[in-house]
Structures are given as structure tokens and as C-alpha cells.
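File shown: query-v3.cif (mmCIF, C-alpha atoms).
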```cif
data_target
loop_
_atom_site.label_atom_id
_atom_site.label_comp_id
_atom_site.auth_asym_id
_atom_site.auth_seq_id
_atom_site.Cartn_x
_atom_site.Cartn_y
_atom_site.Cartn_z
CA MET A 418 0.00 0.00 0.00
CA GLN A 419 1.30 3.43 -0.90
CA ASN A 420 2.00 5.76 2.00
CA LYS A 421 -0.57 8.52 2.38
CA VAL A 422 0.14 12.13 3.26
CA SER A 423 -2.84 13.66 5.01
CA THR A 424 -3.99 17.13 3.95
CA LEU A 425 -6.20 17.62 7.02
CA LEU A 426 -5.62 20.61 9.26
CA SER A 427 -4.62 20.39 12.92
CA TYR A 428 -6.57 23.46 14.00
CA TYR A 429 -8.97 26.19 12.88
CA SER A 430 -7.38 28.90 15.02
CA PRO A 431 -3.94 28.86 16.67
CA ASN A 432 -5.51 30.28 19.84
CA GLY A 433 -7.67 28.53 22.42
CA ILE A 434 -8.84 24.95 22.92
CA GLU A 435 -10.85 23.50 20.04
CA ALA A 436 -13.10 20.43 20.07
CA GLY A 437 -14.16 18.69 16.89
CA LEU A 438 -17.74 17.38 16.80
CA ASP A 439 -19.42 14.84 14.56
CA GLU A 440 -22.28 12.35 14.71
CA ALA A 441 -23.23 8.97 13.28
CA GLY A 442 -26.59 7.42 12.56
CA ARG A 443 -28.74 10.33 11.43
CA GLY A 444 -30.04 8.45 8.40
CA CYS A 445 -30.71 5.14 10.14
CA LEU A 446 -34.11 3.56 10.66
CA ALA A 447 -33.25 2.11 14.06
CA GLY A 448 -31.09 2.70 17.09
CA PRO A 449 -29.57 5.84 18.58
CA VAL A 450 -27.80 8.77 17.03
CA VAL A 451 -24.27 8.95 18.46
CA ALA A 452 -21.97 11.96 18.69
CA ALA A 453 -18.37 12.42 19.73
CA ALA A 454 -16.26 15.39 20.75
CA VAL A 455 -12.46 15.30 20.47
CA VAL A 456 -9.79 17.76 21.57
CA LEU A 457 -6.39 17.31 19.92
CA SER A 458 -3.14 19.19 20.34
CA LYS A 459 -2.35 21.95 17.84
CA ASP A 460 0.51 19.88 16.41
CA PHE A 461 -1.41 16.62 16.08
CA TYR A 462 -0.81 14.74 12.84
CA HIS A 463 -1.59 11.28 11.57
CA PRO A 464 -1.23 10.27 7.90
CA LEU A 465 -4.21 7.90 7.94
CA LEU A 466 -6.78 9.92 9.86
CA THR A 467 -9.62 11.24 7.72
CA ASP A 468 -13.40 10.98 7.29
CA SER A 469 -14.48 7.65 8.82
CA LYS A 470 -16.54 6.79 5.74
CA LYS A 471 -13.37 6.76 3.62
CA LEU A 472 -11.63 4.21 5.85
CA SER A 473 -11.94 0.46 6.15
CA ALA A 474 -13.23 -1.10 9.35
CA LYS A 475 -9.71 -2.29 10.15
CA GLN A 476 -8.28 1.20 9.67
CA ARG A 477 -10.96 2.70 11.91
CA GLU A 478 -10.22 0.16 14.63
CA THR A 479 -6.52 1.05 14.47
CA LEU A 480 -7.28 4.76 14.71
CA ILE A 481 -9.57 4.36 17.74
CA GLU A 482 -6.58 3.61 19.93
CA VAL A 483 -4.55 6.44 18.39
CA ILE A 484 -7.34 8.93 19.08
CA LYS A 485 -8.02 7.74 22.62
CA THR A 486 -4.33 7.64 23.49
CA GLU A 487 -3.15 10.85 21.84
CA SER A 488 -6.14 13.13 22.30
CA ILE A 489 -6.19 15.70 25.09
CA ALA A 490 -9.82 14.77 25.76
CA TYR A 491 -12.65 12.88 24.10
CA ALA A 492 -16.25 11.95 24.88
CA ILE A 493 -19.01 9.93 23.23
CA ALA A 494 -22.75 10.40 23.80
CA GLU A 495 -25.93 8.90 22.41
CA VAL A 496 -29.59 9.86 22.10
CA ASP A 497 -31.99 6.95 21.79
CA HIS A 498 -34.71 6.21 19.25
CA ALA A 499 -37.51 7.37 21.55
CA LYS A 500 -35.96 10.82 22.00
CA ILE A 501 -35.37 11.03 18.25
CA ASP A 502 -39.08 10.41 17.66
CA GLU A 503 -39.95 12.99 20.29
CA ILE A 504 -37.78 15.92 19.17
CA ASN A 505 -36.75 14.97 15.54
CA ILE A 506 -33.43 13.70 14.26
CA TYR A 507 -31.76 17.09 13.74
CA LYS A 508 -32.40 18.24 17.31
CA ALA A 509 -31.44 14.80 18.62
CA SER A 510 -28.14 14.93 16.71
CA VAL A 511 -27.31 18.33 18.15
CA HIS A 512 -28.38 17.19 21.61
CA ALA A 513 -25.98 14.25 21.35
CA MET A 514 -23.18 16.66 20.40
CA HIS A 515 -24.02 18.90 23.37
CA LEU A 516 -23.94 15.89 25.68
CA ALA A 517 -20.52 14.91 24.33
CA VAL A 518 -19.18 18.43 24.97
CA GLU A 519 -20.56 18.30 28.52
CA GLN A 520 -18.67 15.08 29.16
CA LEU A 521 -15.26 16.36 28.04
CA SER A 522 -12.72 16.49 30.85
CA ILE A 523 -11.69 20.01 29.78
CA ARG A 524 -13.87 22.86 28.55
CA PRO A 525 -13.12 23.94 24.97
CA ASP A 526 -13.12 27.56 23.86
CA HIS A 527 -14.44 26.79 20.39
CA LEU A 528 -16.33 23.98 18.66
CA LEU A 529 -15.68 22.77 15.12
CA VAL A 530 -18.91 21.18 13.96
CA ASP A 531 -19.26 18.92 10.95
CA GLY A 532 -22.12 20.14 8.75
CA ASN A 533 -23.83 23.40 7.91
CA ARG A 534 -25.92 24.16 11.01
CA PHE A 535 -25.81 23.80 14.77
CA ILE A 536 -27.69 24.97 17.84
CA GLU A 537 -25.32 27.10 19.89
CA TYR A 538 -23.80 25.47 22.95
CA PRO A 539 -24.02 27.85 25.93
CA PHE A 540 -21.05 30.20 26.22
CA ILE A 541 -18.88 28.38 23.66
CA SER A 542 -18.46 29.74 20.13
CA HIS A 543 -18.65 27.39 17.17
CA THR A 544 -17.92 27.14 13.47
CA CYS A 545 -19.88 24.85 11.14
CA ILE A 546 -17.73 23.23 8.45
CA VAL A 547 -19.30 21.34 5.56
CA LYS A 548 -17.43 18.06 5.06
CA GLY A 549 -15.40 19.01 8.11
CA ASP A 550 -14.48 15.38 8.73
CA SER A 551 -12.29 15.50 5.62
CA LYS A 552 -10.79 18.90 6.53
CA PHE A 553 -9.87 18.87 10.22
CA PHE A 554 -8.25 16.15 12.31
CA SER A 555 -10.42 16.78 15.36
CA ILE A 556 -13.66 16.39 13.40
CA ALA A 557 -12.33 13.30 11.61
CA ALA A 558 -11.39 11.81 14.98
CA ALA A 559 -14.89 12.52 16.29
CA SER A 560 -16.42 10.89 13.22
CA ILE A 561 -14.41 7.71 13.82
CA LEU A 562 -15.30 7.48 17.51
CA ALA A 563 -18.99 8.09 16.81
CA LYS A 564 -19.21 5.61 13.93
CA THR A 565 -17.28 2.77 15.58
CA TYR A 566 -19.22 3.15 18.83
CA ARG A 567 -22.54 3.12 17.01
CA ASP A 568 -21.62 0.22 14.71
CA GLN A 569 -20.75 -1.87 17.77
CA TRP A 570 -24.00 -0.81 19.45
CA MET A 571 -25.97 -2.03 16.44
CA ARG A 572 -24.05 -5.33 16.26
CA GLU A 573 -25.04 -5.98 19.86
CA ALA A 574 -28.64 -4.95 19.13
CA ALA A 575 -28.66 -7.44 16.22
CA LEU A 576 -28.21 -10.25 18.74
CA GLN A 577 -31.28 -9.12 20.64
CA PHE A 578 -33.37 -8.37 17.56
CA PRO A 579 -32.10 -10.67 14.78
CA GLY A 580 -33.25 -10.71 11.20
CA TYR A 581 -32.77 -7.06 10.21
CA GLY A 582 -29.13 -7.42 9.21
CA TRP A 583 -27.93 -4.74 11.60
CA GLU A 584 -24.59 -6.50 11.96
CA ARG A 585 -24.05 -5.55 8.31
CA ASN A 586 -26.15 -2.42 7.70
CA ALA A 587 -25.91 -0.77 11.17
CA GLY A 588 -29.57 0.20 10.91
CA TYR A 589 -29.33 2.10 7.63
CA PRO A 590 -32.20 1.62 5.15
CA THR A 591 -30.58 -0.99 2.92
CA LEU A 592 -32.80 -3.25 0.82
CA GLU A 593 -32.13 -6.08 3.26
CA HIS A 594 -33.26 -3.95 6.19
CA ARG A 595 -36.36 -2.62 4.45
CA LYS A 596 -37.38 -6.13 3.36
CA ALA A 597 -37.06 -7.31 6.95
CA VAL A 598 -39.25 -4.46 8.20
CA LEU A 599 -41.86 -5.38 5.59
CA LYS A 600 -41.77 -9.02 6.69
CA LYS A 601 -41.22 -8.76 10.45
CA GLY A 602 -42.56 -5.32 11.29
CA PHE A 603 -40.75 -2.76 13.43
CA SER A 604 -38.53 -3.75 16.33
CA PRO A 605 -38.80 -1.94 19.70
CA ILE A 606 -35.81 0.24 18.77
CA HIS A 607 -36.97 1.37 15.35
CA ARG A 608 -37.61 5.08 14.91
CA LYS A 609 -41.35 5.25 14.42
CA THR A 610 -41.28 8.68 12.77
CA PHE A 611 -39.00 7.46 9.97
CA ARG A 612 -40.89 6.32 6.90
CA VAL A 613 -39.89 3.03 5.31
CA GLU A 614 -40.77 3.11 1.63
CA ILE A 615 -40.80 -0.20 -0.22
CA LYS A 616 -42.92 0.11 -3.31
CA GLU A 617 -42.47 -3.40 -4.61
CA ILE A 618 -39.96 -6.12 -3.84
CA SER A 619 -39.84 -9.16 -6.09
#
```

Give the structure from the file, written as C-alpha cells.
Amino acid sequence: MQNKVSTLLSYYSPNGIEAGLDEAGRGCLAGPVVAAAVVLSKDFYHPLLTDSKKLSAKQRETLIEVIKTESIAYAIAEVDHAKIDEINIYKASVHAMHLAVEQLSIRPDHLLVDGNRFIEYPFISHTCIVKGDSKFFSIAAASILAKTYRDQWMREAALQFPGYGWERNAGYPTLEHRKAVLKKGFSPIHRKTFRVEIKEIS
């Protein structure tokens, strides 16, 4: 394999403590939405670290230990399917991010948020960055922690509620998952406000 040279940035501003934020599971039909917050040093660098979706499962597993060992602070939080149905997935995603920030062992001065909108966290400024997980190390690190945590959560849920293929699809609306919903109905951890559209399956 050819060596990679990462083009991600170590910080948005040279001043203050920054935390990168990202979430996983917004588009799923079942399970929680999970968010992570990560604070890295201003000189942090890793050639492999990038958007979790661009990495293999093995690469993500390797990077989990790097992030947890080399980060200044990190936290992972989840908001369950019932809360998602109650307040909607956007608000639930932001709530998960807020919970992750609350759990950090140090208080950041600024938040780097993946995406184009965010509900302000009290007394901490933020910057929304579209595709931030492929631009900043801290957001990429948060994306990996959130995704790997949630994927494991769904693998464990698959043992309790088999037949939906969650060990493979992590709750996303794949054809396999949608077919299972059509055949078996919703599980107790499906998001009831999410529509499952299957027009015709041969």
C-alpha cells in the first residue's frame, strides 16, 4: 500500500482549545444517534486519519486507539430512538453533540462542527464546516469514535433483535433492512417517525 500524506488541518485557530464534533446514525431507521467530541493538540498529525466513511473497518479500529491515546480529551454520547421520535433527528443529533461536549474532561473555547448548522452550545463559540471530517483532524477523529461506537452498538442490538441485518447495515435503510421491516414489522428500537418506503420487492 502506498503511504498517504494527510492534507487535514490540525486546528482552525492557533488560539484557544478546540473540540471537533461529529455524529453517526442520522439516516438510520433504528437505534440511537451517536456523537463524539475530540480535543487534539495543535501539532497533532496522523497520515491515515480522515473521514471515517473513507476508511476500512480495520483502519478505523486502528485509529480508535490512536485517538483515545493521543487526544487531550474525548467523549461519546448517544440519544436513543424514543428521544429522536420525540424531538426529531436534527435536534437529537445536536443534543448528542451537546452531551458529548458536557462530558469532556476540559472545557473547549471553540467547537468545530461537521455540517452546515448547529444549535449554539451555551457560552462556547462554534464554526460549522461542511465536510469538516475531511478537513480537520479533530472532526475526523470525532467521526471515527462516533461511527465505531454506534456500529458496535448495532451489532449488539442485532443479537437481541435478529433478522434485520444490523450486523451488516448498522440500521441504515438498505434493501435487506427494508425487506425485513416489511416481513417482520418494526422492532422496539426502530424510529417510528421514519418512513420506510418499499414500493415493490420481487

Per residue of region 512-605 of chain A within 12 Å of region 457-475 of chain A, which atom pair is closest and at what distance in Å (one decimal), using all atoms listed in the file, listed by chain and increasing number, as JSON lines?
```
{"residue": "A:Ile523", "atom": "CA", "partner": "A:Leu457", "partner_atom": "CA", "distance": 11.5}
{"residue": "A:Pro525", "atom": "CA", "partner": "A:Leu457", "partner_atom": "CA", "distance": 10.7}
{"residue": "A:Leu529", "atom": "CA", "partner": "A:Leu457", "partner_atom": "CA", "distance": 11.8}
{"residue": "A:Asp531", "atom": "CA", "partner": "A:Asp468", "partner_atom": "CA", "distance": 10.5}
{"residue": "A:Lys548", "atom": "CA", "partner": "A:Asp468", "partner_atom": "CA", "distance": 8.4}
{"residue": "A:Gly549", "atom": "CA", "partner": "A:Asp468", "partner_atom": "CA", "distance": 8.3}
{"residue": "A:Asp550", "atom": "CA", "partner": "A:Asp468", "partner_atom": "CA", "distance": 4.8}
{"residue": "A:Ser551", "atom": "CA", "partner": "A:Asp468", "partner_atom": "CA", "distance": 4.9}
{"residue": "A:Lys552", "atom": "CA", "partner": "A:Thr467", "partner_atom": "CA", "distance": 7.8}
{"residue": "A:Phe553", "atom": "CA", "partner": "A:Thr467", "partner_atom": "CA", "distance": 8.0}
{"residue": "A:Phe554", "atom": "CA", "partner": "A:Leu466", "partner_atom": "CA", "distance": 6.9}
{"residue": "A:Ser555", "atom": "CA", "partner": "A:Leu457", "partner_atom": "CA", "distance": 6.1}
{"residue": "A:Ile556", "atom": "CA", "partner": "A:Asp468", "partner_atom": "CA", "distance": 8.2}
{"residue": "A:Ala557", "atom": "CA", "partner": "A:Asp468", "partner_atom": "CA", "distance": 5.0}
{"residue": "A:Ala558", "atom": "CA", "partner": "A:Leu466", "partner_atom": "CA", "distance": 7.1}
{"residue": "A:Ala559", "atom": "CA", "partner": "A:Ser469", "partner_atom": "CA", "distance": 8.9}
{"residue": "A:Ser560", "atom": "CA", "partner": "A:Ser469", "partner_atom": "CA", "distance": 5.8}
{"residue": "A:Ile561", "atom": "CA", "partner": "A:Ser469", "partner_atom": "CA", "distance": 5.0}
{"residue": "A:Leu562", "atom": "CA", "partner": "A:Ser469", "partner_atom": "CA", "distance": 8.7}
{"residue": "A:Ala563", "atom": "CA", "partner": "A:Ser469", "partner_atom": "CA", "distance": 9.2}
{"residue": "A:Lys564", "atom": "CA", "partner": "A:Ser469", "partner_atom": "CA", "distance": 7.3}
{"residue": "A:Thr565", "atom": "CA", "partner": "A:Ala474", "partner_atom": "CA", "distance": 8.4}
{"residue": "A:Tyr566", "atom": "CA", "partner": "A:Ser469", "partner_atom": "CA", "distance": 12.0}
{"residue": "A:Asp568", "atom": "CA", "partner": "A:Ala474", "partner_atom": "CA", "distance": 10.0}
{"residue": "A:Gln569", "atom": "CA", "partner": "A:Ala474", "partner_atom": "CA", "distance": 11.3}
{"residue": "A:Arg585", "atom": "CA", "partner": "A:Ala474", "partner_atom": "CA", "distance": 11.7}
```

Margin query: I'd like the residues picked by the PyMOL selection byres ((chain A and resi 506) around 10) written out as a PyMOL selection string, using the chain letters and numbers from the file.
Written below: chain A and resi 442-445+449-450+496+498+500-505+507-512+608+610-611

Next item on the list: Compare A:Gly448, A:Pro590, A:Gly582, A:Gly437 by their minimum atom-to-atom distance to His515 (chain A), counting all atoms listed in the file, and give me the closest one.
Entry: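 Looking at the shortest contact to His515 (chain A), the residue is A:Gly437.
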
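For region 544-546 of chain A, the list of residues within 7 Å, based on only C-alpha atoms and with local chain neighbours fewer than 5 positions off taken out, reads Leu528, Leu529, Val530, Asp531, Gly532, Asn533 and Arg534 of chain A.
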
Item checked: Picked residues, the PyMOL selection byres ((chain A and resi 571) around 8), expected as a PyMOL selection string -> chain A and resi 448+567-570+572-575+583-584+587-588

Margin query: Please list as a list in words every residue within 7 Å of region 594-598 of chain A, counting only C-alpha atoms and excluding residues in the same chain fewer than 3 positions away.
Written below: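 So, after excluding close chain neighbours, the residues are Gly580, Tyr581, Gly582, Pro590, Thr591, Lys601, Gly602, Phe603, Val613 and Ile615 of chain A.
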
Check: CA of Leu438 (chain A) and CA of Ala499 (chain A), how far apart in Å?
Finding: 22.7 Å

Note to self: Just to confirm, what's the straight-line distance from CA of Leu426 (chain A) to CA of Ala453 (chain A) in Å (one decimal)?
What the structure shows: 18.4 Å

Using 4 Å of padding on each side, determine the axis-aligned box around all atoms of region 467-471 of chain A present in the file and give its centre and edge lengths in Å to one decimal, as AutoDock Vina command-line options.
```
--center_x -13.1 --center_y 9.0 --center_z 6.2 --size_x 14.9 --size_y 12.5 --size_z 13.2
```

Check: Quick one: which residues end up in the PyMOL selection byres ((chain A and resi 539-541) around 10) for this structure, as a PyMOL selection string?
Finding: chain A and resi 515+524-528+536-538+542-543

Checklist line | Selection near Lys485 (chain A), 10 Å with only C-alpha atoms, sequence-local residues under 4 positions removed, as a PyMOL selection string | finding: chain A and resi 455+480-481+489-492+558+562

Selected residues written out with C-alpha atoms, as an mmCIF file, in the coordinates of the input:
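Result saved to again.cif:
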```cif
data_model
loop_
_atom_site.group_PDB
_atom_site.id
_atom_site.type_symbol
_atom_site.label_atom_id
_atom_site.label_comp_id
_atom_site.auth_asym_id
_atom_site.auth_seq_id
_atom_site.Cartn_x
_atom_site.Cartn_y
_atom_site.Cartn_z
ATOM 1 C CA VAL A 455 -12.460 15.300 20.470
ATOM 2 C CA LEU A 480 -7.280 4.760 14.710
ATOM 3 C CA ILE A 481 -9.570 4.360 17.740
ATOM 4 C CA ILE A 489 -6.190 15.700 25.090
ATOM 5 C CA ALA A 490 -9.820 14.770 25.760
ATOM 6 C CA TYR A 491 -12.650 12.880 24.100
ATOM 7 C CA ALA A 492 -16.250 11.950 24.880
ATOM 8 C CA ALA A 558 -11.390 11.810 14.980
ATOM 9 C CA LEU A 562 -15.300 7.480 17.510
#
```
